[in-house]
>>> print(open('target_26.cif').read())   # mmCIF, C-alpha atoms and all ligand atoms
data_coords
#
loop_
_atom_site.label_atom_id
_atom_site.label_comp_id
_atom_site.auth_asym_id
_atom_site.auth_seq_id
_atom_site.Cartn_x
_atom_site.Cartn_y
_atom_site.Cartn_z
CA MET E 90 -32.89 98.15 19.62
CA THR E 91 -31.79 95.80 22.38
CA PRO E 92 -29.32 93.01 21.51
CA ALA E 93 -32.23 90.55 21.79
CA ALA E 94 -34.42 92.61 19.43
CA ARG E 95 -31.58 92.57 16.90
CA LEU E 96 -31.61 88.76 17.09
CA SER E 97 -35.36 88.76 16.39
CA ALA E 98 -34.81 91.02 13.38
CA ALA E 99 -32.04 88.73 12.05
CA ILE E 100 -34.36 85.72 12.48
CA GLU E 101 -37.05 87.49 10.42
CA VAL E 102 -34.60 88.47 7.66
CA LEU E 103 -33.03 85.00 7.53
CA ASP E 104 -36.45 83.37 7.20
CA ARG E 105 -37.12 85.54 4.14
CA ILE E 106 -33.73 84.61 2.67
CA LEU E 107 -34.30 80.90 3.27
CA ALA E 108 -37.64 81.29 1.48
CA GLY E 109 -35.78 82.54 -1.61
CA THR E 110 -35.25 86.32 -1.29
CA ALA E 111 -31.77 87.62 -2.09
CA ALA E 112 -29.89 88.63 1.08
CA GLU E 113 -29.46 92.29 0.09
CA GLN E 114 -33.12 92.55 -0.90
CA ALA E 115 -34.30 90.96 2.36
CA LEU E 116 -32.14 93.36 4.40
CA ALA E 117 -33.35 96.36 2.39
CA ASN E 118 -37.00 95.31 2.86
CA TRP E 119 -36.49 94.93 6.59
CA GLY E 120 -34.69 98.31 6.76
CA ARG E 121 -37.58 100.08 4.99
CA ALA E 122 -40.14 98.50 7.31
CA SER E 123 -38.08 99.29 10.44
CA ARG E 124 -37.73 103.07 10.61
CA PHE E 125 -37.03 102.76 14.34
CA ALA E 126 -33.73 100.98 13.63
CA GLY E 127 -30.65 103.21 13.83
CA SER E 128 -27.53 102.77 11.72
CA GLY E 129 -25.83 100.71 14.46
CA ASP E 130 -28.85 98.39 14.58
CA ARG E 131 -28.82 97.95 10.80
CA LEU E 132 -25.13 97.10 10.75
CA ALA E 133 -25.55 94.65 13.64
CA VAL E 134 -28.48 92.88 11.97
CA ARG E 135 -26.56 92.71 8.67
CA ASP E 136 -23.57 91.14 10.45
CA LEU E 137 -25.79 88.59 12.21
CA VAL E 138 -27.43 87.66 8.90
CA TYR E 139 -24.21 87.35 6.89
CA ASP E 140 -22.41 85.47 9.66
CA ALA E 141 -25.31 83.00 9.75
CA LEU E 142 -25.22 82.54 5.97
CA ARG E 143 -21.46 81.91 6.00
CA CYS E 144 -21.83 79.34 8.79
CA ARG E 145 -25.26 78.03 7.83
CA ARG E 146 -24.67 74.30 8.27
CA SER E 147 -22.78 74.46 11.54
CA TYR E 148 -25.16 77.03 13.04
CA ALA E 149 -28.18 74.96 11.90
CA ALA E 150 -26.73 71.94 13.70
CA LEU E 151 -25.91 73.91 16.86
CA GLY E 152 -29.27 75.71 16.82
CA GLY E 153 -31.37 72.65 16.11
CA GLY E 154 -32.74 73.66 12.71
CA ASP E 155 -32.08 75.23 9.31
CA THR E 156 -34.47 78.13 10.00
CA GLY E 157 -33.89 81.77 10.86
CA ARG E 158 -34.30 80.95 14.52
CA GLY E 159 -32.10 77.84 14.33
CA LEU E 160 -29.31 79.77 12.62
CA VAL E 161 -29.40 82.68 15.05
CA LEU E 162 -29.60 80.38 18.07
CA GLY E 163 -26.71 78.31 16.68
CA GLY E 164 -24.65 81.44 16.08
CA GLN E 165 -25.22 82.63 19.63
CA ARG E 166 -24.32 79.18 20.99
CA ALA E 167 -21.14 79.15 18.89
CA ALA E 168 -20.24 82.57 20.30
CA GLY E 169 -20.86 81.42 23.88
CA ALA E 170 -23.56 84.07 24.45
CA ASP E 171 -25.78 84.13 27.56
CA LEU E 172 -28.77 82.49 25.88
CA ALA E 173 -31.13 82.76 28.86
CA ALA E 174 -30.62 86.54 28.90
CA LEU E 175 -31.34 86.91 25.17
CA PHE E 176 -34.07 84.37 24.41
CA THR E 177 -36.55 85.63 27.03
CA GLY E 178 -39.74 85.99 24.96
CA GLU E 179 -40.20 89.44 26.54
CA GLY E 180 -40.67 92.62 24.52
CA HIS E 181 -39.03 92.14 21.12
CA ALA E 182 -36.77 89.30 22.25
CA PRO E 183 -36.99 85.85 20.61
CA ALA E 184 -39.07 83.20 22.41
CA LYS E 185 -37.56 81.12 25.21
CA ILE E 186 -35.51 78.12 24.12
CA ALA E 187 -37.52 74.90 23.99
CA ALA E 188 -36.21 71.56 25.23
CA SER E 189 -36.21 70.35 21.60
CA GLU E 190 -33.72 73.08 20.62
CA VAL E 191 -30.68 71.50 22.25
CA GLY E 192 -28.79 71.27 18.96
CA GLN E 193 -25.79 69.10 18.26
CA GLU E 194 -22.12 69.50 17.35
CA PRO E 195 -21.69 69.72 13.55
CA GLU E 196 -19.56 67.07 11.86
CA GLY E 197 -17.79 66.60 8.54
CA ALA E 198 -18.86 69.00 5.76
CA ALA E 199 -21.36 70.63 8.17
CA ALA E 200 -18.52 71.56 10.53
CA LEU E 201 -16.65 73.08 7.57
CA ASP E 202 -19.80 74.89 6.39
CA LEU E 203 -19.47 73.46 2.89
CA PRO E 204 -22.14 71.89 0.65
CA GLU E 205 -22.04 68.09 0.91
CA TRP E 206 -22.13 67.43 -2.83
CA LEU E 207 -19.09 69.65 -3.48
CA MET E 208 -16.82 68.02 -0.90
CA PRO E 209 -15.11 65.60 -3.35
CA GLN E 210 -14.43 68.41 -5.84
CA LEU E 211 -13.24 70.84 -3.19
CA GLY E 212 -11.06 68.16 -1.65
CA ALA E 213 -9.48 67.34 -5.02
CA SER E 214 -8.96 71.04 -5.78
CA LEU E 215 -7.59 72.21 -2.43
CA GLY E 216 -5.90 69.09 -1.06
CA ALA E 217 -4.40 69.64 2.38
CA ASP E 218 -5.62 73.26 2.40
CA LEU E 219 -9.29 72.25 2.38
CA GLY E 220 -9.90 72.72 6.11
CA ALA E 221 -8.03 76.02 6.35
CA VAL E 222 -9.75 77.44 3.26
CA ALA E 223 -13.16 76.35 4.56
CA GLU E 224 -12.39 78.09 7.84
CA ALA E 225 -11.36 81.27 5.97
CA LEU E 226 -14.67 81.17 4.06
CA ARG E 227 -16.52 81.14 7.42
CA GLN E 228 -14.99 84.54 8.32
CA ARG E 229 -15.84 88.07 7.17
CA ALA E 230 -13.71 89.22 4.22
CA PRO E 231 -11.17 91.99 4.82
CA VAL E 232 -11.81 95.28 3.02
CA PHE E 233 -9.27 95.98 0.28
CA LEU E 234 -8.65 99.02 -1.87
CA ARG E 235 -6.61 99.47 -5.04
CA ALA E 236 -4.43 102.55 -5.17
CA ASN E 237 -5.23 104.00 -8.59
CA THR E 238 -1.76 104.81 -9.90
CA LEU E 239 -3.30 106.96 -12.65
CA ARG E 240 -4.10 109.43 -9.87
CA ALA E 241 -1.68 108.71 -7.00
CA SER E 242 1.05 106.44 -5.67
CA ARG E 243 0.14 103.90 -3.00
CA ASP E 244 1.77 106.06 -0.31
CA GLU E 245 -0.13 109.16 -1.46
CA ALA E 246 -3.37 107.14 -1.37
CA ILE E 247 -2.59 105.99 2.19
CA ARG E 248 -2.09 109.62 3.29
CA ALA E 249 -5.30 110.81 1.59
CA LEU E 250 -7.26 107.96 3.20
CA HIS E 251 -5.80 108.90 6.57
CA SER E 252 -7.20 112.43 6.18
CA ASP E 253 -10.61 110.83 5.56
CA GLY E 254 -10.33 108.83 8.81
CA VAL E 255 -9.49 105.55 7.05
CA LEU E 256 -6.46 103.56 8.19
CA ALA E 257 -5.08 101.47 5.32
CA VAL E 258 -1.83 99.52 5.05
CA PRO E 259 -0.04 97.93 2.05
CA HIS E 260 -0.94 94.30 1.38
CA PRO E 261 1.65 91.93 -0.15
CA LEU E 262 -0.65 90.36 -2.78
CA ALA E 263 -0.26 93.30 -5.17
CA ASP E 264 1.84 96.47 -5.35
CA THR E 265 -1.38 98.51 -5.51
CA ALA E 266 -3.27 96.67 -2.75
CA LEU E 267 -4.26 98.29 0.53
CA GLN E 268 -5.97 96.54 3.42
CA VAL E 269 -8.33 98.73 5.40
CA MET E 270 -7.73 98.31 9.12
CA GLU E 271 -10.07 101.02 10.47
CA GLY E 272 -12.76 103.33 9.15
CA ALA E 273 -14.08 101.12 6.32
CA ARG E 274 -17.50 102.73 6.59
CA LYS E 275 -15.99 106.16 5.83
CA ILE E 276 -14.39 105.14 2.52
CA GLN E 277 -17.10 105.91 0.00
CA ALA E 278 -17.95 109.38 1.33
CA GLY E 279 -14.25 110.26 1.65
CA GLN E 280 -12.21 112.52 -0.60
CA ALA E 281 -9.70 109.82 -1.59
CA TYR E 282 -12.45 107.60 -3.00
CA GLN E 283 -14.51 110.44 -4.48
CA SER E 284 -11.52 111.84 -6.36
CA GLY E 285 -10.51 108.46 -7.80
CA LEU E 286 -7.33 107.87 -5.80
CA VAL E 287 -8.64 104.48 -4.70
CA GLU E 288 -11.11 101.84 -5.88
CA LEU E 289 -12.73 99.10 -3.82
CA GLN E 290 -11.17 95.89 -5.17
CA ASP E 291 -10.13 92.60 -3.64
CA ALA E 292 -6.35 92.11 -3.35
CA ALA E 293 -6.28 88.84 -5.33
CA SER E 294 -8.35 90.48 -8.04
CA GLN E 295 -5.56 93.07 -8.28
CA ALA E 296 -2.94 90.31 -8.36
CA VAL E 297 -4.74 88.77 -11.36
CA VAL E 298 -4.42 92.04 -13.26
CA ASN E 299 -0.75 92.31 -12.25
CA ALA E 300 -0.12 88.87 -13.76
CA LEU E 301 -1.10 90.13 -17.23
CA PRO E 302 1.69 91.06 -19.70
CA LEU E 303 0.39 94.60 -20.36
CA CYS E 304 2.49 97.27 -22.06
CA ASP E 305 1.95 100.69 -23.60
CA GLY E 306 0.26 100.80 -26.99
CA GLN E 307 -1.57 97.45 -26.78
CA ARG E 308 -5.18 96.95 -27.87
CA VAL E 309 -6.86 95.13 -24.98
CA LEU E 310 -10.38 93.75 -24.58
CA ASP E 311 -12.09 92.91 -21.29
CA LEU E 312 -14.68 90.44 -22.57
CA CYS E 313 -16.59 89.97 -19.28
CA ALA E 314 -16.19 93.47 -17.88
CA GLY E 315 -19.18 93.63 -15.52
CA GLY E 316 -18.73 96.65 -13.26
CA GLY E 317 -15.25 97.11 -14.70
CA GLY E 318 -13.04 96.40 -11.69
CA LYS E 319 -10.41 94.62 -13.78
CA THR E 320 -10.89 96.96 -16.75
CA LEU E 321 -9.90 99.92 -14.58
CA GLY E 322 -7.09 97.93 -12.99
CA MET E 323 -5.66 97.29 -16.46
CA ALA E 324 -6.04 100.97 -17.43
CA ALA E 325 -3.78 101.91 -14.53
CA ARG E 326 -0.99 99.52 -15.55
CA ALA E 327 -0.19 100.74 -19.07
CA ARG E 328 -1.35 103.17 -21.75
CA LEU E 329 -3.75 100.90 -23.58
CA SER E 330 -6.47 101.14 -26.19
CA LEU E 331 -8.94 99.54 -23.85
CA PHE E 332 -12.34 98.03 -24.75
CA ALA E 333 -14.99 96.57 -22.46
CA HIS E 334 -17.76 94.12 -23.30
CA ASP E 335 -20.30 92.14 -21.30
CA ALA E 336 -23.01 89.74 -22.45
CA PHE E 337 -25.32 91.78 -20.20
CA PRO E 338 -24.38 95.38 -21.12
CA ALA E 339 -26.50 96.80 -18.28
CA ARG E 340 -23.87 95.42 -15.89
CA MET E 341 -21.39 97.96 -17.34
CA ARG E 342 -23.81 100.82 -16.56
CA ASP E 343 -21.53 102.45 -13.99
CA LEU E 344 -18.30 101.88 -15.88
CA PRO E 345 -18.18 105.20 -17.81
CA ALA E 346 -18.61 107.23 -14.60
CA ARG E 347 -16.10 105.04 -12.73
CA ALA E 348 -13.60 105.45 -15.60
CA ARG E 349 -14.00 109.24 -15.53
CA ARG E 350 -13.40 109.32 -11.80
CA ALA E 351 -10.34 107.10 -12.21
CA GLY E 352 -8.93 109.12 -15.12
CA ALA E 353 -9.12 106.09 -17.45
CA LYS E 354 -10.29 105.84 -21.05
CA VAL E 355 -12.44 102.81 -21.87
CA THR E 356 -14.60 102.16 -24.94
CA LEU E 357 -17.69 100.03 -24.31
CA THR E 358 -18.63 97.68 -27.14
CA GLU E 359 -21.48 95.28 -27.79
CA THR E 360 -19.72 93.85 -30.86
CA PRO E 361 -16.07 93.13 -30.02
CA GLU E 362 -15.69 90.92 -33.13
CA LYS E 363 -16.02 94.08 -35.25
CA LEU E 364 -13.04 95.59 -33.41
CA ALA E 365 -10.80 92.50 -33.45
CA THR E 366 -8.01 91.71 -33.29
CA PHE E 367 -6.53 92.47 -29.85
CA ASP E 368 -3.09 92.01 -28.28
CA LEU E 369 -4.71 90.65 -25.14
CA VAL E 370 -8.23 89.51 -24.31
CA LEU E 371 -9.14 89.05 -20.66
CA ALA E 372 -12.20 87.10 -19.55
CA ASP E 373 -12.97 87.26 -15.85
CA ALA E 374 -15.48 84.54 -16.60
CA PRO E 375 -18.81 83.87 -14.94
CA CYS E 376 -18.15 81.14 -12.37
CA SER E 377 -19.33 79.46 -9.17
CA GLY E 378 -17.92 82.39 -7.19
CA SER E 379 -16.53 79.85 -4.71
CA GLY E 380 -13.42 81.99 -4.14
CA SER E 381 -15.59 84.86 -2.91
CA TRP E 382 -18.12 82.99 -0.80
CA ARG E 383 -17.04 85.11 2.19
CA ARG E 384 -18.64 88.11 0.47
CA ASP E 385 -21.54 86.24 -1.11
CA PRO E 386 -22.30 83.36 1.26
CA GLN E 387 -25.72 82.82 -0.30
CA GLY E 388 -23.88 81.64 -3.41
CA LYS E 389 -22.34 78.79 -1.41
CA TRP E 390 -25.76 77.22 -0.88
CA ALA E 391 -27.33 78.23 -4.21
CA LEU E 392 -24.82 76.35 -6.38
CA THR E 393 -26.12 73.01 -7.72
CA PRO E 394 -24.51 70.34 -9.93
CA GLN E 395 -26.81 71.44 -12.79
CA ARG E 396 -25.83 75.10 -12.40
CA LEU E 397 -22.15 74.20 -12.26
CA ALA E 398 -22.47 72.16 -15.47
CA GLN E 399 -24.05 75.17 -17.22
CA ILE E 400 -21.25 77.42 -15.98
CA LEU E 401 -18.55 75.05 -17.32
CA SER E 402 -20.20 75.08 -20.73
CA VAL E 403 -20.31 78.92 -20.83
CA GLN E 404 -16.63 79.01 -19.77
CA ASP E 405 -15.72 76.74 -22.72
CA GLN E 406 -17.64 79.01 -25.11
CA ILE E 407 -15.87 82.07 -23.73
CA LEU E 408 -12.42 80.50 -24.18
CA ASP E 409 -13.25 79.58 -27.80
CA ARG E 410 -14.49 83.11 -28.46
CA MET E 411 -11.35 84.69 -26.99
CA ALA E 412 -9.11 82.60 -29.23
CA HIS E 413 -10.80 84.19 -32.28
CA LEU E 414 -10.45 87.71 -30.93
CA VAL E 415 -6.72 87.63 -30.23
CA LYS E 416 -4.14 88.41 -32.87
CA PRO E 417 -1.36 85.88 -33.62
CA GLY E 418 1.23 86.18 -30.87
CA GLY E 419 -1.29 87.80 -28.52
CA PHE E 420 -2.55 86.55 -25.15
CA VAL E 421 -5.79 84.99 -23.99
CA ALA E 422 -6.15 85.60 -20.24
CA TYR E 423 -8.76 83.41 -18.59
CA ALA E 424 -9.66 84.16 -14.97
CA THR E 425 -12.23 83.00 -12.45
CA CYS E 426 -12.91 83.66 -8.77
CA SER E 427 -13.40 79.93 -8.32
CA LEU E 428 -11.55 77.41 -6.15
CA LEU E 429 -12.62 74.46 -8.31
CA ARG E 430 -10.25 72.71 -10.70
CA ALA E 431 -13.27 71.99 -12.91
CA GLU E 432 -13.60 75.72 -13.65
CA ASN E 433 -9.86 76.41 -13.76
CA GLU E 434 -7.15 73.93 -14.78
CA ASP E 435 -9.69 71.52 -16.32
CA ARG E 436 -11.18 74.22 -18.59
CA ILE E 437 -7.70 75.15 -19.80
CA ALA E 438 -6.81 71.50 -20.44
CA ALA E 439 -10.07 70.98 -22.37
CA PHE E 440 -9.41 74.11 -24.44
CA LEU E 441 -5.87 73.01 -25.29
CA ASP E 442 -7.17 69.56 -26.24
CA ARG E 443 -9.72 70.87 -28.71
CA THR E 444 -7.70 73.83 -30.04
CA PRO E 445 -4.50 72.84 -31.80
CA GLY E 446 -1.70 75.37 -31.88
CA TRP E 447 -2.28 76.90 -28.43
CA GLN E 448 -0.18 76.51 -25.30
CA LEU E 449 -0.28 77.51 -21.66
CA HIS E 450 2.13 80.36 -20.94
CA LYS E 451 1.55 80.52 -17.16
CA ALA E 452 -1.15 80.04 -14.53
CA GLU E 453 -1.54 81.44 -11.01
CA VAL E 454 -3.81 80.20 -8.23
CA TYR E 455 -4.82 82.28 -5.21
CA THR E 456 -6.79 81.02 -2.23
CA PRO E 457 -8.19 82.99 0.72
CA LEU E 458 -5.15 81.75 2.65
CA SER E 459 -3.11 84.53 1.03
CA GLY E 460 -5.59 87.10 2.33
CA GLY E 461 -7.71 87.94 -0.71
CA ASP E 462 -10.44 86.00 -2.47
CA GLY E 463 -9.78 82.73 -4.28
CA PHE E 464 -8.79 83.41 -7.89
CA PHE E 465 -7.29 81.64 -10.89
CA VAL E 466 -5.68 83.17 -13.96
CA ALA E 467 -4.16 81.41 -16.97
CA LEU E 468 -2.35 83.02 -19.89
CA LEU E 469 -2.53 81.23 -23.22
CA THR E 470 -0.68 81.94 -26.45
CA GLN E 471 -0.47 80.37 -29.87
CA ALA E 472 2.54 78.08 -30.02
CA SER E 473 5.22 79.46 -32.34
CA ARG E 474 5.65 77.32 -35.43
C1 LIG T 501 -17.06 87.69 -12.69
S1 LIG T 501 -18.06 88.84 -13.47
C2 LIG T 501 -16.95 90.07 -14.03
C3 LIG T 501 -16.44 91.00 -12.94
C4 LIG T 501 -15.56 92.11 -13.46
N1 LIG T 501 -14.51 91.62 -14.33
C5 LIG T 501 -14.92 92.92 -12.35
O1 LIG T 501 -13.72 92.72 -12.06
O2 LIG T 501 -15.59 93.78 -11.78
C6 LIG T 501 -18.47 87.99 -14.95
C7 LIG T 501 -19.23 88.84 -15.96
O3 LIG T 501 -19.36 88.04 -17.15
C8 LIG T 501 -20.58 88.37 -17.78
N2 LIG T 501 -20.92 87.27 -18.68
C9 LIG T 501 -21.64 86.16 -18.44
N3 LIG T 501 -21.68 85.36 -19.53
C10 LIG T 501 -20.95 85.98 -20.49
C11 LIG T 501 -20.60 85.67 -21.82
N4 LIG T 501 -21.01 84.54 -22.39
N5 LIG T 501 -19.85 86.55 -22.51
C12 LIG T 501 -19.42 87.70 -21.93
N6 LIG T 501 -19.72 88.06 -20.66
C13 LIG T 501 -20.46 87.21 -19.95
C14 LIG T 501 -21.53 88.60 -16.63
O4 LIG T 501 -22.59 89.44 -17.02
C15 LIG T 501 -20.64 89.24 -15.56
O5 LIG T 501 -20.74 90.63 -15.57
#
>>> encode(input="target_26.cif", output="structure tokens")
Amino acid sequence: MTPAARLSAAIEVLDRILAGTAAEQALANWGRASRFAGSGDRLAVRDLVYDALRCRRSYAALGGGDTGRGLVLGGQRAAGADLAALFTGEGHAPAKIAASEVGQEPEGAAALDLPEWLMPQLGASLGADLGAVAEALRQRAPVFLRANTLRASRDEAIRALHSDGVLAVPHPLADTALQVMEGARKIQAGQAYQSGLVELQDAASQAVVNALPLCDGQRVLDLCAGGGGKTLGMAARARLSLFAHDAFPARMRDLPARARRAGAKVTLTETPEKLATFDLVLADAPCSGSGSWRRDPQGKWALTPQRLAQILSVQDQILDRMAHLVKPGGFVAYATCSLLRAENEDRIAAFLDRTPGWQLHKAEVYTPLSGGDGFFVALLTQASR
């Protein structure tokens, strides 16, 4: 495909996404219908689409419209591309640029590529970091791996990755974290990944696990385990009796195979109350995902005030449930990948207000400015009498 034909393909995919199809689904549909597209074409179209979703408001302004064409034109303008050479209307190239498509410089929240309605909340949550965090969310996320210390040290993992053609370097957010500098596309077929020496996991996600007071012999529950990224991270930090639960058990489908590959033992449960009590209960709670909007930029535009209100209510229910699952003297660990105080500090304050006898032990906040996703983790204990 020519560079111009790739733009046309991105326009088509973006139009489907703007009409309501999930980004991955829209890309997969286009891929199936476009047998002529090679792997380089597919990667290029994916990058164009995700870049446009991350920068949707500013590209829409620059391109003269919140449409597939407007976003792609805006993206090309932002990149300083030779528009006359690309938008020729010849062959598979997009149509020539009309006089009405002059576009304009984005301002305010549009320039930051943030939803208008969230600006007050984001401003209150991030303070002086708002602009820098917004800029980080406009960029592609780095690729991070976790060295699985059940199988290898971080240095051994680096060497094994090198043999697979993957260049990875230690990242300061966590003692297990590796940032992939070259060869990211070779990771999953490589020996290091296949033999469980490394897992794909964001660096701040690893830092959250490192913040937990885990030690050998504890009974630990991951209440919102999902694919089990944090479950497996915990398994590598101490010899635990480790249990995993999720309100949607199908989301844990891959966890047994992942645990086998990682050399970890995890028991899946649909009824954690029957197994209580636990020394530590972690909930990596459902949230706005605002800390990981680089990876899921569609989420940035899908969030609404109504959806956020529902999420806050589920987070409160999860905190209350955790308090009943933990043994006296144990820890509740509440985490989100959100940047919003409403989902983080405010949920903890509300829990402490309505639950006498509990106290905050410590809380950590990570933003994309430290390299990984935005994350929050709070540890709660029952106050000693
Ligand atoms: C942020 S994801 C977890 C990601 C996972 N911890 C990881 O590191 O790979 C949140 C998970 O919470 C689950 N969930 C949603 N509501 C829940 C609830 N009320 N109780 C337990 N799990 C819930 C979702 O199905 C989802 O898998």
>>> residues_near_ligand(input="target_26.cif", ligand="ligand LIG 501 (chain T)", cutoff="6 Å", atoms="all atoms listed in the file", output="mmCIF file with C-alpha atoms, in the frame of the given file")
data_model
loop_
_atom_site.group_PDB
_atom_site.id
_atom_site.type_symbol
_atom_site.label_atom_id
_atom_site.label_comp_id
_atom_site.auth_asym_id
_atom_site.auth_seq_id
_atom_site.Cartn_x
_atom_site.Cartn_y
_atom_site.Cartn_z
ATOM 1 C CA LEU E 312 -14.680 90.440 -22.570
ATOM 2 C CA CYS E 313 -16.590 89.970 -19.280
ATOM 3 C CA ALA E 314 -16.190 93.470 -17.880
ATOM 4 C CA GLY E 315 -19.180 93.630 -15.520
ATOM 5 C CA GLY E 316 -18.730 96.650 -13.260
ATOM 6 C CA GLY E 317 -15.250 97.110 -14.700
ATOM 7 C CA GLY E 318 -13.040 96.400 -11.690
ATOM 8 C CA LYS E 319 -10.410 94.620 -13.780
ATOM 9 C CA ASP E 335 -20.300 92.140 -21.300
ATOM 10 C CA ALA E 336 -23.010 89.740 -22.450
ATOM 11 C CA PHE E 337 -25.320 91.780 -20.200
ATOM 12 C CA ARG E 340 -23.870 95.420 -15.890
ATOM 13 C CA ASP E 373 -12.970 87.260 -15.850
ATOM 14 C CA ALA E 374 -15.480 84.540 -16.600
ATOM 15 C CA PRO E 375 -18.810 83.870 -14.940
ATOM 16 C CA VAL E 403 -20.310 78.920 -20.830
ATOM 17 C CA ILE E 407 -15.870 82.070 -23.730
#
>>> residues_around(input="target_26.cif", residues="region 218-230 of chain E", least_positions_apart="3", cutoff="7 Å", atoms="all atoms listed in the file", output="mmCIF file with C-alpha atoms, in the coordinates of the input")
data_model
loop_
_atom_site.group_PDB
_atom_site.id
_atom_site.type_symbol
_atom_site.label_atom_id
_atom_site.label_comp_id
_atom_site.auth_asym_id
_atom_site.auth_seq_id
_atom_site.Cartn_x
_atom_site.Cartn_y
_atom_site.Cartn_z
ATOM 1 C CA ARG E 143 -21.460 81.910 6.000
ATOM 2 C CA CYS E 144 -21.830 79.340 8.790
ATOM 3 C CA LEU E 201 -16.650 73.080 7.570
ATOM 4 C CA LEU E 211 -13.240 70.840 -3.190
ATOM 5 C CA GLY E 212 -11.060 68.160 -1.650
ATOM 6 C CA LEU E 215 -7.590 72.210 -2.430
ATOM 7 C CA TRP E 382 -18.120 82.990 -0.800
ATOM 8 C CA ARG E 383 -17.040 85.110 2.190
ATOM 9 C CA ARG E 384 -18.640 88.110 0.470
ATOM 10 C CA PRO E 457 -8.190 82.990 0.720
ATOM 11 C CA LEU E 458 -5.150 81.750 2.650
#
>>> closest_residue(input="target_26.cif", among="E:Gly254, E:Gly159, E:Pro302, E:Pro209", to="Met270 (chain E)", atoms="only C-alpha atoms")
E:Gly254
>>> residues_around(input="target_26.cif", residues="region 423-437 of chain E", least_positions_apart="6", cutoff="9 Å", atoms="only C-alpha atoms", output="ChimeraX atom specification")
/E:210-211,213-215,294,297,370-381,397,400-401,404-405,407-408,411,449,452,454-456,462-469
>>> residues_around(input="target_26.cif", residues="Ile186 (chain E)", least_positions_apart="2", cutoff="9 Å", atoms="all atoms listed in the file", output="ChimeraX atom specification")
/E:162,172-173,176-178,183-184,188-191
>>> residues_around(input="target_26.cif", residues="region 167-171 of chain E", least_positions_apart="5", cutoff="10 Å", atoms="all atoms listed in the file", output="list in words")
Ser147, Tyr148, Leu151, Gly152, Val161, Leu162, Phe176 and Glu194 of chain E
>>> closest_residue(input="target_26.cif", among="E:His413, E:Arg349, E:His334, E:Arg95", to="Phe367 (chain E)", atoms="all atoms listed in the file")
E:His413
>>> atom_distance(input="target_26.cif", atom1="CA of Ala353 (chain E)", atom2="CA of Ala324 (chain E)")
6.0 Å
>>> closest_residue(input="target_26.cif", among="E:Met208, E:Leu175, E:Ala439, E:Ala292", to="Ala236 (chain E)", atoms="all atoms listed in the file")
E:Ala292
>>> residues_near_point(input="target_26.cif", point="(-42.1, 94.8, 27.0)", cutoff="12 Å", atoms="only C-alpha atoms", output="list in words")
Thr91, Ala93, Ala94, Thr177, Gly178, Glu179, Gly180, His181 and Ala182 of chain E
>>> closest_residue(input="target_26.cif", among="E:Ser252, E:Ser402, E:Thr320, E:Thr238", to="Ala266 (chain E)", atoms="all atoms listed in the file")
E:Thr238
>>> atom_distance(input="target_26.cif", atom1="CA of Lys354 (chain E)", atom2="CA of Gly322 (chain E)")
11.7 Å
>>> build_atoms(input="target_26.cif", residues="region 413-423 of chain E", atoms="N, CA and C atoms", output="PDB file, keeping the file's coordinate frame")
ATOM      1  N   HIS E 413     -10.547  83.550 -30.983  1.00  0.00           N
ATOM      2  CA  HIS E 413     -10.800  84.190 -32.280  1.00  0.00           C
ATOM      3  C   HIS E 413     -10.595  85.698 -32.234  1.00  0.00           C
ATOM      4  N   LEU E 414     -10.552  86.253 -31.055  1.00  0.00           N
ATOM      5  CA  LEU E 414     -10.450  87.710 -30.930  1.00  0.00           C
ATOM      6  C   LEU E 414      -9.000  88.196 -30.809  1.00  0.00           C
ATOM      7  N   VAL E 415      -8.118  87.250 -30.490  1.00  0.00           N
ATOM      8  CA  VAL E 415      -6.720  87.630 -30.230  1.00  0.00           C
ATOM      9  C   VAL E 415      -5.899  87.527 -31.509  1.00  0.00           C
ATOM     10  N   LYS E 416      -4.978  88.461 -31.665  1.00  0.00           N
ATOM     11  CA  LYS E 416      -4.140  88.410 -32.870  1.00  0.00           C
ATOM     12  C   LYS E 416      -3.023  87.369 -32.687  1.00  0.00           C
ATOM     13  N   PRO E 417      -2.448  86.857 -33.766  1.00  0.00           N
ATOM     14  CA  PRO E 417      -1.360  85.880 -33.620  1.00  0.00           C
ATOM     15  C   PRO E 417      -0.254  86.469 -32.736  1.00  0.00           C
ATOM     16  N   GLY E 418       0.194  85.699 -31.790  1.00  0.00           N
ATOM     17  CA  GLY E 418       1.230  86.180 -30.870  1.00  0.00           C
ATOM     18  C   GLY E 418       0.659  86.887 -29.656  1.00  0.00           C
ATOM     19  N   GLY E 419      -0.660  87.115 -29.647  1.00  0.00           N
ATOM     20  CA  GLY E 419      -1.290  87.800 -28.520  1.00  0.00           C
ATOM     21  C   GLY E 419      -1.634  86.826 -27.394  1.00  0.00           C
ATOM     22  N   PHE E 420      -2.254  87.358 -26.342  1.00  0.00           N
ATOM     23  CA  PHE E 420      -2.550  86.550 -25.150  1.00  0.00           C
ATOM     24  C   PHE E 420      -4.047  86.452 -24.899  1.00  0.00           C
ATOM     25  N   VAL E 421      -4.478  85.230 -24.585  1.00  0.00           N
ATOM     26  CA  VAL E 421      -5.790  84.990 -23.990  1.00  0.00           C
ATOM     27  C   VAL E 421      -5.554  84.882 -22.485  1.00  0.00           C
ATOM     28  N   ALA E 422      -6.282  85.675 -21.709  1.00  0.00           N
ATOM     29  CA  ALA E 422      -6.150  85.600 -20.240  1.00  0.00           C
ATOM     30  C   ALA E 422      -7.500  85.185 -19.681  1.00  0.00           C
ATOM     31  N   TYR E 423      -7.519  83.980 -19.121  1.00  0.00           N
ATOM     32  CA  TYR E 423      -8.760  83.410 -18.590  1.00  0.00           C
ATOM     33  C   TYR E 423      -8.686  83.428 -17.076  1.00  0.00           C
TER      34      TYR E 423
END
